[in-house]
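A.B. asks: File follows, structure.pdb with PDB, C-alpha atoms:
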```pdb
ATOM      1  CA  MET A  24     -30.861  48.302  27.055
ATOM      2  CA  THR A  25     -29.746  48.070  23.421
ATOM      3  CA  SER A  26     -26.620  50.147  24.038
ATOM      4  CA  ILE A  27     -25.742  47.943  27.015
ATOM      5  CA  ARG A  28     -26.106  44.807  24.912
ATOM      6  CA  LEU A  29     -23.970  46.271  22.127
ATOM      7  CA  SER A  30     -21.259  47.290  24.554
ATOM      8  CA  CYS A  31     -21.219  43.749  25.920
ATOM      9  CA  LEU A  32     -20.950  42.311  22.429
ATOM     10  CA  ARG A  33     -18.011  44.486  21.329
ATOM     11  CA  PRO A  34     -15.331  42.480  23.205
ATOM     12  CA  LEU A  35     -16.751  39.255  21.754
ATOM     13  CA  VAL A  36     -16.738  40.660  18.210
ATOM     14  CA  PHE A  37     -13.151  41.886  18.671
ATOM     15  CA  ALA A  38     -12.081  38.468  19.958
ATOM     16  CA  LEU A  39     -13.690  36.778  16.947
ATOM     17  CA  LEU A  40     -11.911  39.151  14.574
ATOM     18  CA  LEU A  41      -8.596  38.309  16.233
ATOM     19  CA  LEU A  42      -9.368  34.605  15.888
ATOM     20  CA  VAL A  43     -10.156  34.987  12.194
ATOM     21  CA  ALA A  44      -6.956  36.977  11.681
ATOM     22  CA  ALA A  45      -4.937  34.303  13.465
ATOM     23  CA  CYS A  46      -6.381  31.655  11.138
ATOM     24  CA  ALA A  47      -5.667  33.641   7.959
ATOM     25  CA  PRO A  48      -3.490  31.599   5.598
ATOM     26  CA  TYR A  49      -1.098  34.495   4.921
ATOM     27  CA  THR A  50       0.343  37.498   6.742
ATOM     28  CA  LEU A  51       1.793  40.479   4.882
ATOM     29  CA  VAL A  52       5.538  41.000   5.251
ATOM     30  CA  PRO A  53       6.175  44.661   4.357
ATOM     31  CA  ALA A  54       9.295  46.048   2.739
ATOM     32  CA  SER A  55      11.601  46.737   5.714
ATOM     33  CA  SER A  56      14.003  44.893   8.007
ATOM     34  CA  SER A  57      12.428  41.699   9.253
ATOM     35  CA  ASP A  58      13.261  38.992  11.805
ATOM     36  CA  VAL A  59      12.370  35.526  10.556
ATOM     37  CA  ALA A  60      13.395  32.044  11.759
ATOM     38  CA  ASN A  61      16.666  33.159  13.386
ATOM     39  CA  PHE A  62      17.580  35.495  10.511
ATOM     40  CA  ARG A  63      17.413  39.255  10.133
ATOM     41  CA  VAL A  64      16.886  40.269   6.519
ATOM     42  CA  ASP A  65      16.266  43.460   4.566
ATOM     43  CA  VAL A  66      13.103  43.157   2.481
ATOM     44  CA  ASP A  67      12.758  45.455  -0.551
ATOM     45  CA  MET A  68       9.282  44.323  -1.688
ATOM     46  CA  PRO A  69       6.180  42.953   0.042
ATOM     47  CA  TRP A  70       5.956  39.197   0.619
ATOM     48  CA  ASN A  71       3.306  36.977   2.176
ATOM     49  CA  LYS A  72       4.163  34.678   5.071
ATOM     50  CA  ALA A  73       2.362  31.332   4.949
ATOM     51  CA  ASN A  74       0.798  30.624   8.337
ATOM     52  CA  MET A  75      -0.329  27.042   7.673
ATOM     53  CA  LEU A  76       2.445  24.721   6.489
ATOM     54  CA  ARG A  77       2.258  21.085   5.450
ATOM     55  CA  VAL A  78       5.921  20.695   6.352
ATOM     56  CA  GLU A  79       7.928  21.223   9.510
ATOM     57  CA  SER A  80      11.547  21.289  10.609
ATOM     58  CA  SER A  81      13.427  20.585  13.793
ATOM     59  CA  ALA A  82      14.561  24.233  13.539
ATOM     60  CA  PRO A  83      12.562  27.470  13.281
ATOM     61  CA  LEU A  84      10.911  27.466   9.849
ATOM     62  CA  ALA A  85       9.148  30.101   7.745
ATOM     63  CA  VAL A  86       7.881  30.168   4.168
ATOM     64  CA  TRP A  87       7.177  33.344   2.186
ATOM     65  CA  THR A  88       5.670  33.740  -1.263
ATOM     66  CA  ALA A  89       5.211  36.711  -3.575
ATOM     67  CA  ASP A  90       2.746  35.298  -6.100
ATOM     68  CA  ALA A  91       1.580  31.896  -4.747
ATOM     69  CA  PRO A  92       3.398  28.931  -3.169
ATOM     70  CA  SER A  93       3.041  26.921  -6.373
ATOM     71  CA  LEU A  94       4.732  29.741  -8.323
ATOM     72  CA  ASN A  95       7.547  30.908  -6.044
ATOM     73  CA  SER A  96       8.581  30.752  -2.406
ATOM     74  CA  ILE A  97      11.403  31.481   0.018
ATOM     75  CA  MET A  98      12.047  28.967   2.786
ATOM     76  CA  PHE A  99      13.978  30.019   5.897
ATOM     77  CA  ILE A 100      15.433  27.200   8.020
ATOM     78  CA  GLY A 101      16.997  28.661  11.128
ATOM     79  CA  GLY A 102      19.448  26.294  12.801
ATOM     80  CA  VAL A 103      18.970  22.519  12.486
ATOM     81  CA  ARG A 104      20.789  20.761  15.315
ATOM     82  CA  ASP A 105      22.969  17.700  14.785
ATOM     83  CA  GLY A 106      20.612  14.736  14.407
ATOM     84  CA  GLY A 107      17.592  16.888  13.504
ATOM     85  CA  ALA A 108      15.388  16.727  10.420
ATOM     86  CA  VAL A 109      15.937  19.591   7.998
ATOM     87  CA  LEU A 110      12.416  19.221   6.633
ATOM     88  CA  ARG A 111       9.625  16.671   6.921
ATOM     89  CA  VAL A 112       5.920  16.368   6.233
ATOM     90  CA  SER A 113       3.880  17.428   9.266
ATOM     91  CA  ASN A 114       2.699  14.478  11.397
ATOM     92  CA  ASP A 115       4.921  12.102   9.399
ATOM     93  CA  THR A 116       5.276   8.799  11.273
ATOM     94  CA  ASP A 117       8.333   7.718   9.288
ATOM     95  CA  LYS A 118      10.774   6.074  11.688
ATOM     96  CA  SER A 119      13.803   6.820   9.486
ATOM     97  CA  PRO A 120      13.722  10.574   8.786
ATOM     98  CA  LEU A 121      16.426  12.277   6.757
ATOM     99  CA  ILE A 122      18.639  14.009   9.303
ATOM    100  CA  PHE A 123      21.469  16.536   9.375
ATOM    101  CA  ARG A 124      24.877  15.794  10.834
ATOM    102  CA  SER A 125      27.133  18.712  11.742
ATOM    103  CA  ALA A 126      30.186  16.956  10.241
ATOM    104  CA  MET A 127      28.587  16.852   6.777
ATOM    105  CA  THR A 128      30.453  18.483   3.901
ATOM    106  CA  PRO A 129      28.666  20.948   1.580
ATOM    107  CA  THR A 130      28.308  18.154  -0.994
ATOM    108  CA  GLU A 131      26.690  15.881   1.592
ATOM    109  CA  ILE A 132      24.317  18.654   2.678
ATOM    110  CA  VAL A 133      23.271  19.185  -0.957
ATOM    111  CA  GLU A 134      22.667  15.429  -1.287
ATOM    112  CA  LEU A 135      20.592  15.548   1.908
ATOM    113  CA  TRP A 136      18.553  18.419   0.444
ATOM    114  CA  GLU A 137      18.015  16.465  -2.788
ATOM    115  CA  ALA A 138      16.684  13.482  -0.836
ATOM    116  CA  THR A 139      14.578  15.755   1.391
ATOM    117  CA  ILE A 140      12.892  17.575  -1.523
ATOM    118  CA  ALA A 141      12.266  14.266  -3.283
ATOM    119  CA  LYS A 142      10.634  12.833  -0.169
ATOM    120  CA  VAL A 143       8.678  15.854   1.050
ATOM    121  CA  ASN A 144       7.429  17.065  -2.341
ATOM    122  CA  GLY A 145       7.245  13.741  -4.127
ATOM    123  CA  ALA A 146       9.725  15.106  -6.645
ATOM    124  CA  THR A 147      10.631  12.862  -9.552
ATOM    125  CA  ILE A 148      13.729  14.982 -10.182
ATOM    126  CA  ALA A 149      15.692  16.780  -7.441
ATOM    127  CA  LYS A 150      19.219  17.804  -8.330
ATOM    128  CA  GLY A 151      21.659  20.266  -6.785
ATOM    129  CA  SER A 152      24.611  21.647  -8.732
ATOM    130  CA  ASN A 153      27.205  24.428  -8.934
ATOM    131  CA  ILE A 154      28.262  24.373  -5.270
ATOM    132  CA  GLN A 155      30.326  27.452  -4.448
ATOM    133  CA  PRO A 156      31.816  28.861  -1.219
ATOM    134  CA  VAL A 157      30.260  32.163  -0.108
ATOM    135  CA  THR A 158      29.789  34.249   2.999
ATOM    136  CA  PHE A 159      26.237  33.692   4.208
ATOM    137  CA  GLY A 160      24.594  35.156   7.271
ATOM    138  CA  GLY A 161      27.888  36.717   8.264
ATOM    139  CA  VAL A 162      29.786  33.392   8.378
ATOM    140  CA  PRO A 163      31.559  31.138   5.842
ATOM    141  CA  GLY A 164      29.018  29.075   3.934
ATOM    142  CA  PHE A 165      28.126  27.900   0.462
ATOM    143  CA  ARG A 166      25.496  28.263  -2.237
ATOM    144  CA  PHE A 167      24.120  25.887  -4.844
ATOM    145  CA  ASP A 168      21.652  25.816  -7.704
ATOM    146  CA  PHE A 169      18.722  23.438  -7.691
ATOM    147  CA  HIS A 170      16.328  21.881 -10.183
ATOM    148  CA  PHE A 171      13.301  19.785  -9.327
ATOM    149  CA  VAL A 172      10.059  18.481 -10.810
ATOM    150  CA  THR A 173       7.140  17.600  -8.536
ATOM    151  CA  ARG A 174       3.874  15.719  -8.993
ATOM    152  CA  ASP A 175       2.366  18.550 -11.046
ATOM    153  CA  GLU A 176       5.156  17.948 -13.625
ATOM    154  CA  VAL A 177       6.217  21.609 -13.574
ATOM    155  CA  ASP A 178       9.940  22.339 -13.902
ATOM    156  CA  ARG A 179      11.164  24.445 -11.003
ATOM    157  CA  THR A 180      14.473  26.206 -10.466
ATOM    158  CA  GLY A 181      15.953  26.984  -7.083
ATOM    159  CA  MET A 182      18.947  28.482  -5.336
ATOM    160  CA  ALA A 183      20.050  27.823  -1.786
ATOM    161  CA  TYR A 184      22.475  29.502   0.596
ATOM    162  CA  ALA A 185      23.600  27.573   3.645
ATOM    163  CA  ALA A 186      26.089  27.634   6.487
ATOM    164  CA  VAL A 187      26.920  25.512   9.514
ATOM    165  CA  LYS A 188      27.407  27.667  12.611
ATOM    166  CA  GLY A 189      27.781  26.243  16.108
ATOM    167  CA  GLU A 190      27.047  22.770  14.673
ATOM    168  CA  ARG A 191      23.673  23.984  13.370
ATOM    169  CA  LEU A 192      22.568  24.227   9.757
ATOM    170  CA  TYR A 193      21.101  27.509   8.527
ATOM    171  CA  MET A 194      19.585  27.733   5.055
ATOM    172  CA  ILE A 195      17.548  30.042   2.833
ATOM    173  CA  PHE A 196      16.077  28.301  -0.203
ATOM    174  CA  TYR A 197      14.314  30.166  -3.005
ATOM    175  CA  SER A 198      12.471  28.389  -5.807
ATOM    176  CA  GLY A 199      10.004  29.168  -8.570
ATOM    177  CA  THR A 200       8.696  27.945 -11.886
ATOM    178  CA  LYS A 201      11.534  27.701 -14.374
ATOM    179  CA  LEU A 202       9.681  29.433 -17.212
ATOM    180  CA  HIS A 203       8.810  32.669 -15.405
ATOM    181  CA  HIS A 204       8.420  33.034 -11.643
ATOM    182  CA  PHE A 205      11.934  32.116 -10.519
ATOM    183  CA  GLN A 206      13.517  34.911 -12.560
ATOM    184  CA  LEU A 207      10.670  37.308 -11.761
ATOM    185  CA  ARG A 208      11.732  37.652  -8.105
ATOM    186  CA  GLN A 209      15.320  36.408  -8.293
ATOM    187  CA  ALA A 210      16.996  39.823  -8.006
ATOM    188  CA  ASN A 211      14.872  40.745  -4.970
ATOM    189  CA  VAL A 212      15.668  37.452  -3.270
ATOM    190  CA  GLN A 213      19.360  37.799  -4.047
ATOM    191  CA  ARG A 214      19.447  41.149  -2.262
ATOM    192  CA  LEU A 215      17.476  39.684   0.650
ATOM    193  CA  ILE A 216      19.914  36.775   1.015
ATOM    194  CA  GLU A 217      22.956  39.039   0.786
ATOM    195  CA  SER A 218      21.525  41.129   3.644
ATOM    196  CA  ALA A 219      20.827  38.100   5.855
ATOM    197  CA  ARG A 220      22.401  37.825   9.289
ATOM    198  CA  ILE A 221      22.075  34.837  11.577
ATOM    199  CA  THR A 222      20.587  35.968  14.886
ATOM    200  CA  GLY A 223      19.839  32.792  16.839
TER     201      GLY A 223
END
```
Rewrite the structure from the file as C-alpha cells, please.
C.D. replies:
Amino acid sequence: MTSIRLSCLRPLVFALLLLVAACAPYTLVPASSSDVANFRVDVDMPWNKANMLRVESSAPLAVWTADAPSLNSIMFIGGVRDGGAVLRVSNDTDKSPLIFRSAMTPTEIVELWEATIAKVNGATIAKGSNIQPVTFGGVPGFRFDFHFVTRDEVDRTGMAYAAVKGERLYMIFYSGTKLHHFQLRQANVQRLIESARITG
C-alpha cells in the first residue's frame, strides 16, 4: 500500500518542483550561443536571466545580470514597432506613453531613451552622449554612452547599441555602477554585443 501511495505522489511532487522552478526569480544563462529577444549572441561567461520584471516593452524583452540587477544588467529589446513603447512600467495606466517612431534619427532615439529611463527608473539624471555610427546586429546602427542616477542616488554608467531594421527598433543596453560594476563586465558585454545578430 505504501509503495502504491508513493508512486501516486511522485507525479505530484515532480509537478510541484516544475512549478517552483518556473517561479524562480533567475535562470542561469551558460557560456555558449544563446537566442534572446530576437537576437542571437555568443556568451563567454555565465549570466542570470531575470524571470520577473517590473518593466515591459511592446517588443520581446529580456534582462540579464551577472552580479545583481542593482549592480549591473544587460537589457535586450528585440524590435519595437512604429508607435510602440520601448519600455514602460508593468501595468502602467499612463495614457501618454513614450513611443518610438521609425522615422526618428539616432539623436531622437537617444532623447527617447533618456526620457524613458527617467520615467521608468525615476532617474534624476539621464543623459546620453557620444553617439557614433556602428554596425550592430549585422545592419547599420549606432552606439551611445549613457549616465544616469536613480532614486538610490548611485551613479550608473551605461552603453547602448541600437539599429532600426524593417521600421523596428532593436537595442542592447548595458549598465552598471560607475565605481566598479560597469567596468567589471564591460569587456564581456562588448564581445557579446559585437557577436549579436538580429534574428526576428
A.B. asks: Can you build me a table of segment 141-187 of chain A residues sitting at most 12 Å from segment 48-65 of chain A, with the closest atom pair per residue and its distance in Å to one decimal, using all atoms listed in the file, sorted by chain and residue number, as JSON lines?
C.D. replies:
```
{"residue": "A:Phe159", "atom": "CA", "partner": "A:Phe62", "partner_atom": "CA", "distance": 10.9}
{"residue": "A:Gly160", "atom": "CA", "partner": "A:Phe62", "partner_atom": "CA", "distance": 7.7}
{"residue": "A:Gly161", "atom": "CA", "partner": "A:Phe62", "partner_atom": "CA", "distance": 10.6}
```
A.B. asks: Taking the file above as input, evaluate the PyMOL selection byres ((chain A and resi 75) around 10) and report the hits as a list in words.
C.D. replies: Cys46, Ala47, Pro48, Tyr49, Lys72, Ala73, Asn74, Leu76, Arg77, Val78, Ala85 and Val86 of chain A
A.B. asks: I need the residue nearest Gly189 of chain A from this list: A:Thr88, A:Thr147, A:Thr116, A:Ser125. Use all atoms listed in the file for the distance.
C.D. replies: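 Comparing A:Thr88, A:Thr147, A:Thr116, A:Ser125 against Gly189 of chain A, the winner is A:Ser125.
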A.B. asks: If you count only C-alpha atoms, which residues fall within 7 Å of Asp168 of chain A, apart from same-chain ones fewer than 2 positions away, as a list of chain:residue names?
C.D. replies: A:Gly151, A:Ser152, A:Asn153, A:Gly181, A:Met182, A:Ala183
A.B. asks: Identify all residues satisfying the PyMOL selection byres ((chain A and resi 146) around 7) in the given file; provide them as a ChimeraX atom specification.
C.D. replies: /A:140-142,144-145,147-149,171-174
A.B. asks: Please evaluate the PyMOL selection byres ((chain A and resi 97) around 12) against the displayed coordinates and give the resulting residues as a ChimeraX atom specification.
C.D. replies: /A:59-60,70-73,84-96,98-100,181-184,194-199,205,208-209,211-213,215-216
A.B. asks: Taking into account only C-alpha atoms, which residue in the set A:Arg111, A:Arg104, A:Arg220, A:Arg166 is nearest to Glu190 of chain A?
C.D. replies: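 So, comparing all the options, the nearest one is A:Arg104.
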A.B. asks: Would you pick out the contacts of Val157 of chain A at 9 Å or less, using all atoms listed in the file, so that residues sharing its chain but fewer than 3 positions from it are not included, and give the list as a list in words?
C.D. replies: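 Everything that qualifies: Val162, Pro163, Gly164, Phe165, Arg166, Tyr184 and Ala185 of chain A.
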A.B. asks: For atom CA of Gly102 of chain A and atom CA of Pro69 of chain A, quote the distance in Å rounded to one decimal.
C.D. replies: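 A separation of 24.8 Å between them.
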A.B. asks: As an exercise, work out the distance from atom CA of Asn114 of chain A to atom CA of Ser81 of chain A in Å and give it to one decimal place.
C.D. replies: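 Atom CA of Asn114 of chain A sits 12.6 Å away from atom CA of Ser81 of chain A.
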A.B. asks: Once you add 8 Å to each side, what are the centre and edge lengths of the axis-aligned box holding all listed atoms of segment 113-126 of chain A? One decimal in Å, as lines of an AutoDock Vina configuration file, if you can.
C.D. replies:
```
center_x = 16.4
center_y = 12.4
center_z = 9.2
size_x = 43.5
size_y = 28.6
size_z = 21.0
```
A.B. asks: Using all atoms listed in the file for the distances, tell me which of A:Ala219, A:Ile154, A:Leu202, A:Leu207 is nearest to Glu134 of chain A.
C.D. replies: A:Ile154
A.B. asks: Compile the contact shell of Lys201 of chain A as a PyMOL selection string: residues with an atom at most 9 Å away, counting all atoms listed in the file, same-chain residues fewer than 3 positions apart removed.
C.D. replies: chain A and resi 170+177-181+198+204-206
